[in-house]
Structure formats: C-alpha cells, structure tokens
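The structure file structure_24.txt is reproduced below (compact mmCIF, C-alpha atoms).
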```txt
# COMPACT_ATOMS: atom_id res chain seq x y z
CA GLY J 1 0.00 0.00 0.00
CA LYS J 2 2.73 2.46 0.92
CA THR J 3 4.70 1.60 -2.21
CA PHE J 4 1.64 2.24 -4.37
CA GLU J 5 1.00 5.57 -2.65
CA ARG J 6 4.65 6.58 -3.09
CA GLN J 7 4.54 5.69 -6.78
CA ALA J 8 1.30 7.63 -7.22
CA ARG J 9 2.83 10.70 -5.58
CA MET J 10 5.91 10.43 -7.81
CA ARG J 11 3.74 10.18 -10.92
CA ALA J 12 1.76 13.22 -9.82
CA LEU J 13 4.98 15.13 -9.14
CA ARG J 14 6.41 14.25 -12.57
CA ALA J 15 3.14 15.24 -14.26
CA THR J 16 3.15 18.60 -12.46
CA ALA J 17 6.78 19.20 -13.42
CA ARG J 18 5.99 18.49 -17.07
CA ASP J 19 2.89 20.67 -16.94
CA VAL J 20 4.89 23.62 -15.59
CA LEU J 21 8.51 23.34 -16.69
CA LEU J 22 7.72 22.22 -20.26
CA ASN J 23 4.86 24.68 -20.76
CA TRP J 24 6.04 27.18 -23.38
CA ARG J 25 3.14 29.55 -22.63
CA LEU J 26 4.24 29.78 -19.03
CA TRP J 27 7.80 30.69 -19.98
CA LEU J 28 6.60 33.44 -22.33
CA MET J 29 4.55 34.85 -19.47
CA ALA J 30 7.61 34.65 -17.22
CA ILE J 31 9.59 36.77 -19.72
CA ASP J 32 6.89 39.43 -19.72
CA TYR J 33 6.63 39.24 -15.93
CA PHE J 34 10.40 39.82 -15.68
CA CYS J 35 10.11 42.90 -17.92
CA ILE J 36 7.18 44.32 -15.97
CA GLY J 37 9.06 43.69 -12.73
CA VAL J 38 12.00 45.74 -13.99
CA ILE J 39 9.80 48.64 -15.12
CA ARG J 40 7.54 48.80 -12.07
CA SER J 41 10.37 48.60 -9.56
CA CYS J 42 12.46 51.15 -11.42
CA LEU J 43 9.61 53.65 -11.52
CA THR J 44 8.76 53.09 -7.87
CA ASP J 45 12.31 53.13 -6.50
CA TRP J 46 14.02 55.71 -8.68
CA THR J 47 11.31 58.32 -9.27
CA PRO J 48 12.23 60.77 -6.46
CA LEU J 49 15.89 60.80 -7.45
CA TYR J 50 15.12 60.84 -11.17
CA LEU J 51 12.71 63.77 -10.96
CA ALA J 52 15.11 65.73 -8.78
CA GLU J 53 18.20 65.16 -10.93
CA ALA J 54 16.76 65.05 -14.43
CA LYS J 55 13.72 67.33 -14.10
CA GLY J 56 14.64 69.59 -11.19
CA GLN J 57 11.38 68.72 -9.43
CA PRO J 58 10.97 68.79 -5.61
CA VAL J 59 9.93 65.83 -3.49
CA HIS J 60 6.24 66.80 -3.34
CA VAL J 61 6.01 66.48 -7.14
CA ALA J 62 7.52 62.99 -6.92
CA SER J 63 4.96 62.05 -4.27
CA ARG J 64 2.11 63.24 -6.52
CA CYS J 65 3.55 61.25 -9.41
CA LEU J 66 3.80 58.06 -7.37
CA PHE J 67 0.25 58.55 -6.07
CA ALA J 68 -0.96 58.96 -9.67
CA PHE J 69 1.00 55.84 -10.60
CA GLU J 70 -0.83 53.77 -7.97
CA VAL J 71 -4.26 55.22 -8.82
CA GLY J 72 -3.67 54.57 -12.50
CA GLY J 73 -2.66 51.04 -11.63
CA PHE J 74 -5.87 50.38 -9.72
CA LEU J 75 -8.18 51.81 -12.38
CA GLY J 76 -6.19 50.30 -15.21
CA SER J 77 -6.34 46.85 -13.64
CA VAL J 78 -10.11 47.00 -13.35
CA ALA J 79 -10.48 48.25 -16.93
CA ALA J 80 -8.05 45.68 -18.29
CA GLY J 81 -9.83 42.85 -16.51
CA ARG J 82 -13.15 43.93 -17.97
CA ALA J 83 -11.63 44.27 -21.44
CA SER J 84 -10.12 40.80 -21.18
CA ASP J 85 -13.44 39.27 -20.14
CA LEU J 86 -15.82 41.20 -22.40
CA VAL J 87 -13.87 42.43 -25.44
CA PHE J 88 -11.48 39.50 -25.81
CA HIS J 89 -13.81 36.81 -24.39
CA GLY J 90 -11.55 35.71 -21.55
CA ARG J 91 -8.27 35.87 -23.43
CA ARG J 92 -5.51 37.58 -21.42
CA GLY J 93 -2.84 37.66 -24.14
CA PRO J 94 -4.19 40.64 -26.13
CA VAL J 95 -4.44 42.88 -23.07
CA MET J 96 -1.03 41.84 -21.78
CA ALA J 97 0.63 42.42 -25.15
CA LEU J 98 -1.05 45.79 -25.77
CA CYS J 99 -0.43 47.17 -22.29
CA THR J 100 3.21 46.05 -22.19
CA GLY J 101 3.92 47.33 -25.69
CA LEU J 102 2.27 50.70 -25.02
CA LEU J 103 4.61 51.21 -22.07
CA CYS J 104 7.40 51.85 -24.59
CA PRO J 105 6.06 55.18 -26.00
CA THR J 106 4.77 56.16 -22.55
CA ILE J 107 8.24 55.74 -21.04
CA ALA J 108 9.65 57.83 -23.89
CA LEU J 109 7.00 60.46 -23.12
CA LEU J 110 8.10 60.51 -19.48
CA ASP J 111 11.70 61.13 -20.51
CA ALA J 112 10.54 64.06 -22.66
CA THR J 113 8.18 65.63 -20.06
CA SER J 114 9.39 68.17 -17.50
CA ASP J 115 6.25 70.12 -16.59
CA ALA J 116 5.18 69.50 -12.99
CA ARG J 117 1.49 69.46 -13.98
CA ALA J 118 1.96 66.97 -16.81
CA LEU J 119 4.22 64.52 -15.00
CA PRO J 120 1.47 63.02 -12.76
CA LEU J 121 -0.63 62.39 -15.88
CA VAL J 122 2.23 60.48 -17.47
CA TYR J 123 2.71 58.47 -14.29
CA PHE J 124 -1.03 57.75 -14.21
CA ALA J 125 -0.76 56.33 -17.73
CA LEU J 126 2.29 54.29 -16.76
CA GLY J 127 0.45 52.77 -13.81
CA ALA J 128 -2.64 52.10 -15.92
CA LEU J 129 -0.49 50.09 -18.33
CA ALA J 130 1.97 48.35 -15.99
CA PHE J 131 -0.27 47.15 -13.16
CA PRO J 132 -2.84 45.33 -15.33
CA VAL J 133 -0.11 43.19 -16.87
CA HIS J 134 1.12 42.23 -13.40
CA VAL J 135 -2.42 41.25 -12.36
CA LEU J 136 -3.32 39.37 -15.55
CA LEU J 137 -0.04 37.47 -15.69
CA GLY J 138 -0.65 36.12 -12.21
CA LEU J 139 -4.10 34.99 -13.32
CA ALA J 140 -3.15 33.68 -16.78
CA SER J 141 -0.24 31.63 -15.47
CA ARG J 142 -2.71 29.57 -13.43
CA GLU J 143 -5.14 29.21 -16.34
CA VAL J 144 -2.75 27.45 -18.75
CA VAL J 145 -1.90 24.54 -16.44
CA SER J 146 -3.94 21.86 -14.72
CA PRO J 147 -5.61 22.82 -11.43
CA ALA J 148 -3.14 20.63 -9.53
CA ALA J 149 -0.24 22.70 -10.86
CA SER J 150 -1.77 26.19 -10.64
CA SER J 151 0.05 27.29 -7.49
CA THR J 152 3.35 25.94 -8.81
CA ALA J 153 2.88 27.84 -12.07
CA GLY J 154 2.01 31.04 -10.22
CA GLY J 155 5.05 30.64 -7.99
CA LEU J 156 7.36 30.12 -10.96
CA VAL J 157 6.34 33.25 -12.84
CA LYS J 158 6.30 35.27 -9.62
CA PHE J 159 9.86 34.15 -8.92
CA VAL J 160 10.94 35.39 -12.35
CA ALA J 161 9.10 38.68 -11.70
CA GLN J 162 11.09 39.12 -8.50
CA LEU J 163 14.29 38.59 -10.46
CA GLY J 164 13.19 41.44 -12.71
CA ALA J 165 12.38 43.65 -9.74
CA SER J 166 15.80 43.02 -8.22
CA SER J 167 17.41 43.95 -11.55
CA ALA J 168 15.96 47.45 -11.16
CA GLY J 169 18.33 48.09 -8.26
CA PHE J 170 22.08 47.76 -8.58
CA PRO J 171 22.28 47.02 -12.36
CA LEU J 172 20.20 50.04 -13.35
CA GLY J 173 21.99 52.12 -10.73
CA MET J 174 25.31 51.32 -12.38
CA LEU J 175 23.87 52.12 -15.80
CA GLN J 176 22.63 55.48 -14.53
CA LYS J 177 25.99 56.23 -12.97
CA HIS J 178 27.96 55.57 -16.15
CA ARG J 179 25.47 56.47 -18.91
CA GLY J 180 22.89 58.76 -17.30
CA TRP J 181 19.12 58.77 -17.12
CA PRO J 182 18.50 58.73 -20.90
CA ALA J 183 20.24 55.35 -21.06
CA VAL J 184 18.11 54.01 -18.20
CA PHE J 185 14.85 55.03 -19.83
CA GLY J 186 16.02 53.89 -23.23
CA LEU J 187 16.62 50.48 -21.71
CA LEU J 188 13.22 50.49 -20.00
CA ALA J 189 11.51 51.29 -23.31
CA THR J 190 13.38 48.42 -24.95
CA VAL J 191 12.42 46.10 -22.11
CA ALA J 192 8.76 47.08 -22.60
CA LEU J 193 8.95 46.23 -26.30
CA ALA J 194 10.57 42.90 -25.53
CA GLY J 195 7.91 42.09 -22.94
CA GLY J 196 5.07 42.95 -25.30
CA ALA J 197 6.60 40.85 -28.08
CA SER J 198 7.06 37.88 -25.75
CA VAL J 199 3.32 37.51 -25.12
CA LEU J 200 2.14 38.11 -28.68
CA PRO J 201 2.10 34.33 -29.33
CA LEU J 202 -0.46 34.11 -26.51
CA TRP J 203 -2.95 36.33 -28.36
CA ARG J 204 -5.40 33.46 -28.95
CA THR J 205 -4.66 31.49 -25.80
CA VAL J 206 -7.66 30.76 -23.60
CA ALA J 207 -7.84 29.19 -20.17
CA ARG J 208 -7.44 25.41 -20.24
CA VAL J 209 -10.94 24.89 -18.85
CA ASP J 210 -12.37 27.15 -21.57
CA GLU J 211 -10.28 25.35 -24.20
CA ARG J 212 -11.88 22.06 -23.27
CA ALA J 213 -15.35 23.59 -23.38
CA ILE J 214 -14.67 24.98 -26.86
CA GLU J 215 -13.44 21.58 -28.08
CA ARG J 216 -16.54 19.92 -26.64
CA ARG J 217 -18.82 22.39 -28.42
CA HIS J 218 -17.02 21.75 -31.70
CA ARG J 219 -17.46 17.98 -31.28
CA GLU J 220 -21.15 18.40 -30.50
CA LYS J 221 -21.67 20.59 -33.56
CA GLY J 222 -19.71 18.16 -35.69
CA GLY J 223 -21.82 15.30 -34.42
```

I'd like the structure from this file rewritten - as structure tokens, please.
Amino acid sequence: GKTFERQARMRALRATARDVLLNWRLWLMAIDYFCIGVIRSCLTDWTPLYLAEAKGQPVHVASRCLFAFEVGGFLGSVAAGRASDLVFHGRRGPVMALCTGLLCPTIALLDATSDARALPLVYFALGALAFPVHVLLGLASREVVSPAASSTAGGLVKFVAQLGASSAGFPLGMLQKHRGWPAVFGLLATVALAGGASVLPLWRTVARVDERAIERRHREKGG
C-alpha cells in the first residue's frame, strides 16, 4: 500500500513538473513578468531621485507622481480585466501584449516631459499600463496549467518577476551612474517592447478549462 502511494505521488509530481517546466506559454509569461518587474520597480524606486536630478522637481512632485502611478494602476487593472473578459472573451494575451507594448512610448514620453502638472498624468498612464499586466499574468499563469499545478505555475512566474524587480536596483543604478538617465529610460523602453513581443504568441490562448469547453462544443456541432 505504501509503495503504491509513493509511486502515485511520484507520478503526480512528474506530471506537475511536465505541466509547468515544459509549458512554453508559461515561460513566455515569465519573460513578460520579468520585464514588468524591472519597469515597475524602477519607476517606484528611482522616481524621487530621477525627478530631482533630471527634471529639477521637488519631493512633493515625486509624491504626486507616485500617487498617480498607484491610482492609474488600480483603475487600469479593473479596466483591463473587464476588457479581457468582455472584449477579448476571456483571453488575457491581447491585453497583456497591448499594455506592455504601449509602455514603450509612454516611457519615452516621461523622458521628454518636464512640466510639474503633466508629469502626474504620465505616471497615471504608466500605472494604468503596468499594473494590469502584473495582475493578468498572475491569473493567466494559473489558467494554462492543470488545477493541480496552478500554485506551482504562479510561484514560478512570480519568482521570475522578482528577479526582474531586483534587476531594477544595482544594475540600473550602475547604468545610470555611467550612462545617465537617458540610457536608463532607453533600456526600459526596450524592455517594454521585448515584454510585449514575448506575449504576442499568446494572443489566442484561452484558459485550459475554456479550451476544453470549446473543443466539446465543436465535437457536438460536428456530431
């Protein structure tokens, strides 16, 4: 009895490992999650210093910008979730690709904006684009694996996101020191493009449970 139970657990473990580690959709999401982690952490951690050095703005302007960033993130996440459910019929890929890709011109706009009244609006737009991707990636990563592997899948992509967030510290600090702020934001814009491109193959991906329902409907119609 114990041998059978041990073998059953090993089979379940191997099946979960295959479902997660060999799932190409999950690795594409992890790439985008890494990119979003870099961008979000950089904007959160470096904004006060960046606005002071590059824009000559005082601390209270930075605080307004970060507040706008968070508000934009909340509203953008709600809007993106609704768009994913209603406009794209439950597909997360289109929203993730569009939001990540649109971060590129928005980051360029931030680098070109110096007016204290306009900066919070740019940060609002950045939050409205960055936060929804973070939310939807956490959801989508659990939708493309079996229910038994959902937590493992979520943990994997979240781990990669944390690697991206940590990359916004010392590495970007060294880049800023040697190349300046334009190089930092040029890199962030490139990272946004790379993240958006990574999830384009997921444009038509639906949740596994929905995929099975669609296949069943097709079989019924064919019958």

Around the point (6.3, 61.0, -4.2) (coordinates from the file), which residues reach within 12 Å if we count all atoms listed in the file? Answer as a PyMOL selection string. chain J and resi 43-52+57-70+119-120+123

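Of the residues under consideration (J:Ala165, J:Gly90, J:Thr100, J:Arg14), J:Thr100 shows the shortest atom-to-atom contact distance to Ser198 of chain J when counting only C-alpha atoms.
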
Segment 139-151 of chain J environment, 10 Å, all atoms listed in the file, sequence neighbours closer than 6 positions dropped, as an MDAnalysis selection string: chainID J and resid 12:13 15:20 23:30 90:93 96 133 157:158 205:211

Fewer than 6 positions away in the same chain doesn't count, so skip those; otherwise give me all residues within 12 Å of Pro171 of chain J, counting only C-alpha atoms, as an MDAnalysis selection string. chainID J and resid 38 42 163:165 177:179 184 187

Counting all atoms listed in the file, the residue among J:Gly195, J:Pro182, J:Gly138, J:Pro132 that lies closest to Phe159 of chain J is J:Gly138

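Considering only C-alpha atoms, the residue among J:Trp203, J:Trp181, J:Phe131, J:Phe170 positioned nearest to Gly72 of chain J is J:Phe131.
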
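The spacing separating atom CA of Arg82 of chain J from atom CA of His134 of chain J amounts to 15.1 Å.
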
Of J:Ser84, J:Gly127, J:Ser167, J:Ile107, the one sitting nearest Gly37 of chain J when using only C-alpha atoms is J:Ser167

Choose the residue, out of J:Arg40, J:Arg204, J:Arg11, J:Lys55, that has the smallest atom-to-atom separation from His89 of chain J; count only C-alpha atoms. J:Arg204

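Interatomic distance, atom CA of Cys104 of chain J against atom CA of Ala128 of chain J: 13.3 Å.
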
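Atom CA of Gly101 of chain J sits 5.2 Å away from atom CA of Leu193 of chain J.
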
Within 8 Å of (10.3, 56.5, -19.2) in the file's own coordinates, which protein, DNA or RNA residues have an atom, counting only C-alpha atoms? List them as a list in words. Cys104, Thr106, Ile107, Ala108, Leu109, Leu110, Asp111, Phe185, Gly186, Leu188 and Ala189 of chain J

Written selection (C-alpha atoms) as a tab-separated table (two decimals), in the frame of the given file:
```tsv
chain	number	residue	atom	x	y	z
J	104	CYS	CA	7.40	51.85	-24.59
J	106	THR	CA	4.77	56.16	-22.55
J	107	ILE	CA	8.24	55.74	-21.04
J	108	ALA	CA	9.65	57.83	-23.89
J	109	LEU	CA	7.00	60.46	-23.12
J	110	LEU	CA	8.10	60.51	-19.48
J	111	ASP	CA	11.70	61.13	-20.51
J	185	PHE	CA	14.85	55.03	-19.83
J	186	GLY	CA	16.02	53.89	-23.23
J	188	LEU	CA	13.22	50.49	-20.00
J	189	ALA	CA	11.51	51.29	-23.31
```

Closest of J:Leu129, J:Val199, J:Ala79, J:Ala153 to Cys99 of chain J - atom-to-atom distances counting only C-alpha atoms: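 Counting only C-alpha atoms, the residue closest to Cys99 of chain J is J:Leu129.
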